[in-house]
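**Student:** The structure that follows is given in the form of structure tokens.
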Amino acid sequence: ALDRAQQQEPTLSMPAFLARGGLGQVLDQMIDRAAIAEYARTNGFRAGDNLVNSEIQSIGAFRGPDGNFSAEVYKNALAAQGLTDKIVREDLGKGLLAQLLLEPASMGAQYPAAATNRYALLFKERRIGGIGLIPARAYMPTGEPDAATLQRYYQSARARFIRPERRVIRYAVFGPEAVAGRITPTAAQIAERYKRDAANYAARETRSFTQLIVPTQEAAQAIAQRVGAGATLEAAARTAGLKTSALAAIDRAALASQTSASVAAAFFGAARGALTAPARSALGWHVARVEAVERSAGQTLEQATPAIAAALAAENRARALAEFSADIEQQLDEGATLPEVARTLKLAVQTAGPLIATGQGYAGGAPAPAVLAPAIPTAFQMEESAPQVTQLPASDQFLMFEVTAITPSAAAPLAEIRADVAAAWRQAEGAKAARAAASRVLAKLSRGAPLAQALAAEKGGLPAPDSINLSREELAARRERVPPPLALLFSMAQGSAKMLEAPGDAGWFIVALDRIELGTLTANDPLALQARRELSQAFSGELIQQAIAAIRKEVGVEINRAAVDAVRKQLTGGN
């Protein structure tokens, strides 16, 4: 679950994830699946091996290059995630049982048309009112808190001061310059390559043809006679109910491999523009018109040397770098340290960090250099002092790197962040005072005072409220997240006022709804169709949740809270 959350928020740590209720969510999911499986077992439902096998074979991640299920791919995929075949089969079995039990509970769920029309009509209503903010900064204390006060606040708000895990990475980069002496090919190597690829450097003739293939020799001769009498090859083919095809820039050897030696001899024995003599292949009898003849002179060893030398140099470079990196890995495996290897090979060692999992510098520090960025995900999975070597993507550069220091995610010590904690305390105290002010403003509104007047009566020069005049349809058209105060405005009763806490102890909103103006819904309005679809989906989901709740009640669930607390401690690094 943490891995999935980190895909959206890479710096999220286990303590922060648990502070958000992550453990309870995962526990509930596990209990639901266990309860469903037990209810299914006691009522005669089962997911047999054949059903589980078919489910595994249908999963795309387990298919090989031919598109079919691959046992090897399946095995490797499980190993990469630390799973076993038994765990996967049990999980898939529970999932199949959940489908068998829960899908019928929601099948065909439809929300009543009258209710969906009423819901759709809500999009037409217009709400008129105001939103005011009572900022915490207007009430923040100016002095410093005493030590005891600051300590109490720090203990109560530790989750706010959790710092992400950070790591210091030491690395060295090497590339072709490290193997410069091994790259240049010798004259003997060039001569050997020239001899090996002699066919590429010989004189070469390629031809292009328009050809026709017919089933019998008589048909081929008839086509040749029509062309000899003045018809084109295409016209003669149409008369026979056939169609010509093109062969472009092909040499004699390639043509012979595709057809036959006799076809190649006939095609390359005719002059440009001439019709070839009928010749046979496994496909039938071939007749062709020679469209073009291209001849290229061969290359001597001297002429081919520059290109061969460049190709051999590239091969030597890749081979030497691979051997060089393998030699480094061997030294590291045998216990050499990264600085020792770098010193032996005369490589410059650099250090980056502390860094967080996104590659950004911790506490505003310098980010990871570009050359180190591809290794950051691996570096945050490594142990300390366990160097690795990797080739940089789309590059002939190699990276040798290790983690030299790991600072786990935890709340920073109060002594290190005293100023930050004091600022947060002042903000929290200001928010408390702002809440009291919001209560006073609400009291004035309940006695009929306008929002602007009630805010102006508060000391500290509060900002004037924003006037709101919006329909739900206009709000939805913004295609952005609806601010919480606006969401509250559209869920209130006419003539009411409410207070809403601003995030981050920023203060309190006062939301006042003066008037609601109802709209009208035309026949076959798209809003009604959309509302019916959305409500039916929500209704279906609610039926499933009700079924799960009933199953849990029927089966009976007991939670070992001591064990859960032990897991929580283990996940946060406790004993």
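Here's how to read the names in the structure tokens: chain A, B, ... by the order shown, residue numbers from 1 in each chain, ligand numbers from 1 in the order shown.
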Residues near His286 (chain A), anyone? I mean within 9 Å using only C-alpha atoms, not counting same-chain ones fewer than 4 positions away, as a list in words.

**Tutor:**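 Near neighbours after the sequence-gap exclusion: Gln211, Leu212, Ile213, Val214, Pro215, Gln217, Ala220, Val263, Thr276, Ala277, Pro278, Ala279, Arg280 and Ser281 of chain A.
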
**Student:** I need the residues of region 254-307 of chain A that end up classed as helix (DSSP H, G or I) by DSSP on the backbone, written out as a list in words.

**Tutor:**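 Checking each residue of region 254-307 of chain A, the helix (DSSP H, G or I) ones are Ala254, Leu255, Ala256, Ser257, Gln258, Ala261, Ser262, Val263, Ala264, Ala265, Ala266, Phe267, Phe268, Gly269, Leu301, Glu302, Gln303, Ala304, Thr305, Pro306 and Ala307 of chain A.
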
**Student:** Save the residues we just selected, N, CA, C and O atoms, as a CSV table (one decimal), in the first residue's frame?

**Tutor:**
chain,number,residue,atom,x,y,z
A,254,ALA,N,19.8,-12.4,-53.5
A,254,ALA,CA,18.6,-12.3,-52.7
A,254,ALA,C,17.4,-12.8,-53.5
A,254,ALA,O,16.5,-13.4,-53.0
A,255,LEU,N,17.4,-12.5,-54.8
A,255,LEU,CA,16.3,-12.9,-55.7
A,255,LEU,C,16.2,-14.4,-55.7
A,255,LEU,O,15.2,-15.1,-55.7
A,256,ALA,N,17.4,-15.1,-55.9
A,256,ALA,CA,17.5,-16.5,-55.9
A,256,ALA,C,17.0,-17.2,-54.6
A,256,ALA,O,16.3,-18.2,-54.7
A,257,SER,N,17.3,-16.5,-53.5
A,257,SER,CA,16.8,-17.1,-52.2
A,257,SER,C,15.3,-17.0,-52.1
A,257,SER,O,14.7,-17.8,-51.4
A,258,GLN,N,14.7,-15.9,-52.7
A,258,GLN,CA,13.3,-15.7,-52.6
A,258,GLN,C,12.5,-16.6,-53.6
A,258,GLN,O,11.3,-16.9,-53.3
A,261,ALA,N,17.0,-20.3,-58.5
A,261,ALA,CA,18.2,-19.9,-59.3
A,261,ALA,C,17.8,-19.6,-60.8
A,261,ALA,O,18.4,-18.7,-61.4
A,262,SER,N,16.9,-20.4,-61.3
A,262,SER,CA,16.5,-20.2,-62.7
A,262,SER,C,15.8,-18.9,-62.9
A,262,SER,O,16.0,-18.2,-63.9
A,263,VAL,N,15.0,-18.5,-61.9
A,263,VAL,CA,14.3,-17.2,-62.0
A,263,VAL,C,15.3,-16.0,-62.0
A,263,VAL,O,15.3,-15.1,-62.7
A,264,ALA,N,16.3,-16.2,-61.0
A,264,ALA,CA,17.3,-15.1,-60.9
A,264,ALA,C,18.1,-15.0,-62.2
A,264,ALA,O,18.5,-13.9,-62.6
A,265,ALA,N,18.5,-16.2,-62.8
A,265,ALA,CA,19.3,-16.2,-64.0
A,265,ALA,C,18.5,-15.5,-65.1
A,265,ALA,O,19.0,-14.7,-65.9
A,266,ALA,N,17.2,-15.8,-65.3
A,266,ALA,CA,16.4,-15.2,-66.3
A,266,ALA,C,16.2,-13.7,-66.1
A,266,ALA,O,16.3,-12.8,-67.0
A,267,PHE,N,16.0,-13.3,-64.8
A,267,PHE,CA,15.8,-11.8,-64.5
A,267,PHE,C,17.0,-11.0,-64.7
A,267,PHE,O,17.0,-9.9,-65.1
A,268,PHE,N,18.2,-11.6,-64.4
A,268,PHE,CA,19.4,-10.9,-64.5
A,268,PHE,C,20.1,-11.1,-65.8
A,268,PHE,O,21.2,-10.5,-66.1
A,269,GLY,N,19.5,-11.9,-66.7
A,269,GLY,CA,20.1,-12.1,-68.0
A,269,GLY,C,19.4,-11.2,-69.1
A,269,GLY,O,19.9,-11.2,-70.2
A,301,LEU,N,40.5,-2.8,-50.0
A,301,LEU,CA,40.8,-2.7,-48.5
A,301,LEU,C,41.1,-1.3,-48.1
A,301,LEU,O,40.6,-0.8,-47.0
A,302,GLU,N,41.9,-0.6,-48.9
A,302,GLU,CA,42.3,0.8,-48.5
A,302,GLU,C,41.0,1.7,-48.5
A,302,GLU,O,40.9,2.5,-47.6
A,303,GLN,N,40.1,1.5,-49.5
A,303,GLN,CA,39.0,2.3,-49.5
A,303,GLN,C,38.0,2.0,-48.3
A,303,GLN,O,37.3,2.9,-47.8
A,304,ALA,N,37.9,0.8,-47.9
A,304,ALA,CA,37.0,0.4,-46.9
A,304,ALA,C,37.6,0.6,-45.5
A,304,ALA,O,36.8,0.5,-44.5
A,305,THR,N,38.9,0.8,-45.4
A,305,THR,CA,39.5,0.9,-44.1
A,305,THR,C,38.9,1.9,-43.1
A,305,THR,O,38.6,1.6,-42.0
A,306,PRO,N,38.6,3.2,-43.5
A,306,PRO,CA,38.0,4.1,-42.6
A,306,PRO,C,36.7,3.7,-42.0
A,306,PRO,O,36.5,3.8,-40.7
A,307,ALA,N,35.8,3.1,-42.8
A,307,ALA,CA,34.5,2.7,-42.2
A,307,ALA,C,34.7,1.4,-41.3
A,307,ALA,O,34.0,1.3,-40.3

**Student:** Using only C-alpha atoms, tabulate the residues of region 444-561 of chain A lying at most 7 Å from any atom of region 35-38 of chain A, each with its closest atom pair and that distance in Å to one decimal, by chain and increasing residue number, as JSON lines.

**Tutor:**
{"residue": "A:Ile551", "atom": "CA", "partner": "A:Ile36", "partner_atom": "CA", "distance": 6.6}
{"residue": "A:Arg552", "atom": "CA", "partner": "A:Ala35", "partner_atom": "CA", "distance": 5.7}
{"residue": "A:Val555", "atom": "CA", "partner": "A:Ala35", "partner_atom": "CA", "distance": 6.3}

**Student:** Considering only C-alpha atoms, return as number ranges by chain whatever protein or nucleic-acid residues lie within 12 Å of Gln537 (chain A), sequence-local ones (same chain, fewer than 4 positions apart) excluded.

**Tutor:** A: 106-111, 530-533, 541-544

**Student:** Which one of A:Arg20, A:Leu233, A:Ala120, A:Thr42 sits closest to Thr522 (chain A) if you count only C-alpha atoms?

**Tutor:**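 Closest residue, counting only C-alpha atoms: A:Ala120.
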
**Student:** Write out as a ChimeraX atom specification all residues of region 145-359 of chain A that DSSP puts in strand (DSSP E or B) for this structure's backbone.

**Tutor:** /A:162-163,166-174,204-214,245-251,275,279-281,284-296,350-355

**Student:** Please dump the current selection as an mmCIF file, in the first residue's frame; keep C-alpha atoms.

**Tutor:**
data_model
loop_
_atom_site.group_PDB
_atom_site.id
_atom_site.type_symbol
_atom_site.label_atom_id
_atom_site.label_comp_id
_atom_site.auth_asym_id
_atom_site.auth_seq_id
_atom_site.Cartn_x
_atom_site.Cartn_y
_atom_site.Cartn_z
ATOM 1 C CA ILE A 162 8.070 14.107 10.245
ATOM 2 C CA ARG A 163 10.991 14.502 7.865
ATOM 3 C CA ARG A 166 17.380 11.149 3.247
ATOM 4 C CA ARG A 167 20.563 9.605 1.949
ATOM 5 C CA VAL A 168 24.089 10.676 1.094
ATOM 6 C CA ILE A 169 25.418 9.122 -2.112
ATOM 7 C CA ARG A 170 29.042 8.783 -3.166
ATOM 8 C CA TYR A 171 29.729 8.148 -6.840
ATOM 9 C CA ALA A 172 32.239 8.144 -9.689
ATOM 10 C CA VAL A 173 31.593 8.300 -13.441
ATOM 11 C CA PHE A 174 33.675 6.700 -16.177
ATOM 12 C CA ARG A 204 27.233 -5.258 -56.861
ATOM 13 C CA GLU A 205 24.332 -5.063 -59.240
ATOM 14 C CA THR A 206 20.723 -4.520 -58.139
ATOM 15 C CA ARG A 207 17.669 -4.504 -60.352
ATOM 16 C CA SER A 208 14.038 -3.452 -60.072
ATOM 17 C CA PHE A 209 11.278 -5.418 -61.814
ATOM 18 C CA THR A 210 7.576 -5.480 -62.549
ATOM 19 C CA GLN A 211 6.706 -9.159 -62.395
ATOM 20 C CA LEU A 212 3.783 -11.483 -62.938
ATOM 21 C CA ILE A 213 3.475 -15.018 -61.532
ATOM 22 C CA VAL A 214 1.185 -17.509 -63.292
ATOM 23 C CA SER A 245 3.714 -6.790 -58.477
ATOM 24 C CA ALA A 246 6.931 -4.793 -57.999
ATOM 25 C CA LEU A 247 10.389 -5.912 -56.897
ATOM 26 C CA ALA A 248 12.634 -2.982 -55.992
ATOM 27 C CA ALA A 249 16.447 -2.825 -55.801
ATOM 28 C CA ILE A 250 17.154 -6.527 -55.299
ATOM 29 C CA ASP A 251 20.418 -8.324 -56.051
ATOM 30 C CA LEU A 275 10.773 -8.890 -70.880
ATOM 31 C CA ALA A 279 11.228 -19.207 -65.410
ATOM 32 C CA ARG A 280 9.856 -21.436 -62.688
ATOM 33 C CA SER A 281 9.924 -21.264 -58.836
ATOM 34 C CA GLY A 284 4.743 -20.766 -60.262
ATOM 35 C CA TRP A 285 6.076 -19.342 -63.515
ATOM 36 C CA HIS A 286 7.615 -15.839 -63.463
ATOM 37 C CA VAL A 287 7.661 -13.255 -66.248
ATOM 38 C CA ALA A 288 9.048 -9.757 -65.592
ATOM 39 C CA ARG A 289 9.972 -6.453 -67.172
ATOM 40 C CA VAL A 290 13.362 -5.073 -66.105
ATOM 41 C CA GLU A 291 12.647 -1.539 -64.841
ATOM 42 C CA ALA A 292 16.073 -0.433 -63.615
ATOM 43 C CA VAL A 293 19.655 -1.649 -63.365
ATOM 44 C CA GLU A 294 22.015 -0.187 -60.754
ATOM 45 C CA ARG A 295 25.673 -1.130 -60.616
ATOM 46 C CA SER A 296 28.072 -0.140 -57.830
ATOM 47 C CA GLN A 350 32.053 12.930 -5.725
ATOM 48 C CA THR A 351 29.392 13.116 -3.019
ATOM 49 C CA ALA A 352 25.775 14.282 -3.253
ATOM 50 C CA GLY A 353 23.290 14.790 -0.475
ATOM 51 C CA PRO A 354 21.580 14.509 1.766
ATOM 52 C CA LEU A 355 18.897 13.804 -0.842
#

**Student:** Excluding Gly130 (chain A) and its own-chain neighbours fewer than 3 positions away, which residues fall within 9 Å of it when counting only C-alpha atoms? Please give them as a list in words.

**Tutor:** Leu451, Ala452, Pro465, Asp466, Ser467, Ile468, Asn469, Leu489, Ile510, Val511, Ala512, Leu513 and Asp514 of chain A

**Student:** Can you pull out the residues contacting region 416-425 of chain A? Cut-off 7 Å, using only C-alpha atoms, and skip same-chain residues under 2 positions away; I want them as a VMD selection string.

**Tutor:** chain A and resid 145 150 153 to 154 412 to 414 427 to 429

**Student:** Just the selected residues (N, CA, C and O atoms), exported as a PDB file, in the first residue's frame, please.

**Tutor:**
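Resulting contents of result37.pdb:
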ATOM      1  N   PRO A 145       7.054  31.123  23.041  1.00  0.00           N
ATOM      2  CA  PRO A 145       6.487  30.249  24.082  1.00  0.00           C
ATOM      3  C   PRO A 145       7.579  29.787  25.040  1.00  0.00           C
ATOM      4  O   PRO A 145       8.754  29.690  24.663  1.00  0.00           O
ATOM      5  N   LEU A 150       6.227  24.807  24.609  1.00  0.00           N
ATOM      6  CA  LEU A 150       6.710  24.361  23.310  1.00  0.00           C
ATOM      7  C   LEU A 150       6.844  22.839  23.268  1.00  0.00           C
ATOM      8  O   LEU A 150       6.500  22.199  22.260  1.00  0.00           O
ATOM      9  N   TYR A 153       3.380  21.245  22.926  1.00  0.00           N
ATOM     10  CA  TYR A 153       2.867  21.382  21.562  1.00  0.00           C
ATOM     11  C   TYR A 153       3.587  20.431  20.615  1.00  0.00           C
ATOM     12  O   TYR A 153       2.962  19.769  19.772  1.00  0.00           O
ATOM     13  N   TYR A 154       4.892  20.327  20.747  1.00  0.00           N
ATOM     14  CA  TYR A 154       5.686  19.445  19.887  1.00  0.00           C
ATOM     15  C   TYR A 154       5.217  17.995  20.026  1.00  0.00           C
ATOM     16  O   TYR A 154       5.060  17.278  19.029  1.00  0.00           O
ATOM     17  N   ALA A 412      11.718  15.339  13.387  1.00  0.00           N
ATOM     18  CA  ALA A 412      13.008  15.960  13.701  1.00  0.00           C
ATOM     19  C   ALA A 412      13.065  16.304  15.193  1.00  0.00           C
ATOM     20  O   ALA A 412      12.049  16.669  15.795  1.00  0.00           O
ATOM     21  N   PRO A 413      14.236  16.173  15.828  1.00  0.00           N
ATOM     22  CA  PRO A 413      14.360  16.549  17.241  1.00  0.00           C
ATOM     23  C   PRO A 413      13.974  18.011  17.457  1.00  0.00           C
ATOM     24  O   PRO A 413      14.259  18.874  16.613  1.00  0.00           O
ATOM     25  N   LEU A 414      13.325  18.277  18.570  1.00  0.00           N
ATOM     26  CA  LEU A 414      12.864  19.626  18.855  1.00  0.00           C
ATOM     27  C   LEU A 414      14.013  20.625  18.812  1.00  0.00           C
ATOM     28  O   LEU A 414      13.846  21.759  18.320  1.00  0.00           O
ATOM     29  N   GLN A 427       1.055  29.782  15.037  1.00  0.00           N
ATOM     30  CA  GLN A 427      -0.013  29.608  14.051  1.00  0.00           C
ATOM     31  C   GLN A 427      -1.206  28.884  14.682  1.00  0.00           C
ATOM     32  O   GLN A 427      -2.365  29.275  14.469  1.00  0.00           O
ATOM     33  N   ALA A 428      -0.926  27.824  15.453  1.00  0.00           N
ATOM     34  CA  ALA A 428      -2.004  27.060  16.084  1.00  0.00           C
ATOM     35  C   ALA A 428      -2.755  27.902  17.103  1.00  0.00           C
ATOM     36  O   ALA A 428      -3.988  27.832  17.196  1.00  0.00           O
ATOM     37  N   GLU A 429      -2.014  28.708  17.894  1.00  0.00           N
ATOM     38  CA  GLU A 429      -2.668  29.584  18.858  1.00  0.00           C
ATOM     39  C   GLU A 429      -3.519  30.631  18.151  1.00  0.00           C
ATOM     40  O   GLU A 429      -4.625  30.959  18.596  1.00  0.00           O
TER      41      GLU A 429
END

**Student:** With distances taken over only C-alpha atoms, which of A:Val389, A:Gly364, A:Asn200, A:Gln225 is nearest to Asp327 (chain A)?

**Tutor:**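 Of all the options, A:Val389 lies closest to Asp327 (chain A).
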
**Student:** Go ahead and compute the interatomic distance for CA of Ala136 (chain A) and CA of Gly495 (chain A), in Å to one decimal.

**Tutor:**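 CA of Gly495 (chain A) lies at a distance of 26.4 Å from CA of Ala136 (chain A).
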
**Student:** Met14 (chain A): which residues within 9 Å, counting only C-alpha atoms, same-chain residues fewer than 4 positions away excluded, as JSON, numbers by chain?

**Tutor:** {"A": [2, 18, 19, 22, 409, 571, 572]}

**Student:** Write the selection just made, keeping all heavy atoms, as a JSON list (two decimals), in the first residue's frame?

**Tutor:**
[["chain", "number", "residue", "atom", "x", "y", "z"],
["A", 2, "LEU", "N", 1.97, 1.22, 0.74],
["A", 2, "LEU", "CA", 2.89, 2.37, 0.75],
["A", 2, "LEU", "C", 3.52, 2.55, -0.62],
["A", 2, "LEU", "O", 3.64, 3.68, -1.10],
["A", 2, "LEU", "CB", 3.96, 2.17, 1.82],
["A", 2, "LEU", "CG", 5.06, 3.25, 1.88],
["A", 2, "LEU", "CD1", 4.45, 4.60, 2.22],
["A", 2, "LEU", "CD2", 6.11, 2.89, 2.90],
["A", 18, "LEU", "N", 1.35, 5.83, 8.04],
["A", 18, "LEU", "CA", 0.59, 5.29, 9.16],
["A", 18, "LEU", "C", -0.17, 6.39, 9.89],
["A", 18, "LEU", "O", -1.29, 6.17, 10.37],
["A", 18, "LEU", "CB", 1.51, 4.55, 10.13],
["A", 18, "LEU", "CG", 2.25, 3.32, 9.57],
["A", 18, "LEU", "CD1", 3.06, 2.65, 10.65],
["A", 18, "LEU", "CD2", 1.26, 2.34, 8.96],
["A", 19, "ALA", "N", 0.45, 7.58, 9.97],
["A", 19, "ALA", "CA", -0.22, 8.69, 10.63],
["A", 19, "ALA", "C", -1.50, 9.09, 9.91],
["A", 19, "ALA", "O", -2.42, 9.64, 10.52],
["A", 19, "ALA", "CB", 0.74, 9.89, 10.72],
["A", 22, "GLY", "N", -3.10, 4.65, 7.28],
["A", 22, "GLY", "CA", -2.82, 3.61, 6.29],
["A", 22, "GLY", "C", -2.95, 2.21, 6.83],
["A", 22, "GLY", "O", -3.45, 1.30, 6.15],
["A", 409, "SER", "N", 13.23, 8.24, 8.10],
["A", 409, "SER", "CA", 12.14, 9.19, 8.25],
["A", 409, "SER", "C", 11.66, 9.19, 9.70],
["A", 409, "SER", "O", 11.40, 8.14, 10.28],
["A", 409, "SER", "CB", 10.98, 8.80, 7.32],
["A", 409, "SER", "OG", 9.86, 9.61, 7.57],
["A", 571, "LEU", "N", 6.64, -1.54, 11.85],
["A", 571, "LEU", "CA", 6.68, -0.77, 10.60],
["A", 571, "LEU", "C", 7.38, 0.57, 10.78],
["A", 571, "LEU", "O", 7.91, 1.14, 9.83],
["A", 571, "LEU", "CB", 5.26, -0.55, 10.07],
["A", 571, "LEU", "CG", 4.54, -1.80, 9.56],
["A", 571, "LEU", "CD1", 3.09, -1.48, 9.24],
["A", 571, "LEU", "CD2", 5.25, -2.38, 8.35],
["A", 572, "THR", "N", 7.35, 1.10, 11.99],
["A", 572, "THR", "CA", 8.00, 2.39, 12.24],
["A", 572, "THR", "C", 9.40, 2.22, 12.81],
["A", 572, "THR", "O", 10.02, 3.18, 13.26],
["A", 572, "THR", "CB", 7.16, 3.24, 13.20],
["A", 572, "THR", "OG1", 6.87, 2.49, 14.38],
["A", 572, "THR", "CG2", 5.86, 3.67, 12.54]]

**Student:** Applying 10 Å and only C-alpha atoms, which residues near Arg118 (chain A) remain after dropping the ones on its own chain fewer than 3 positions away? List them as a ChimeraX atom specification.

**Tutor:** /A:113-115,121-123,521,528,531
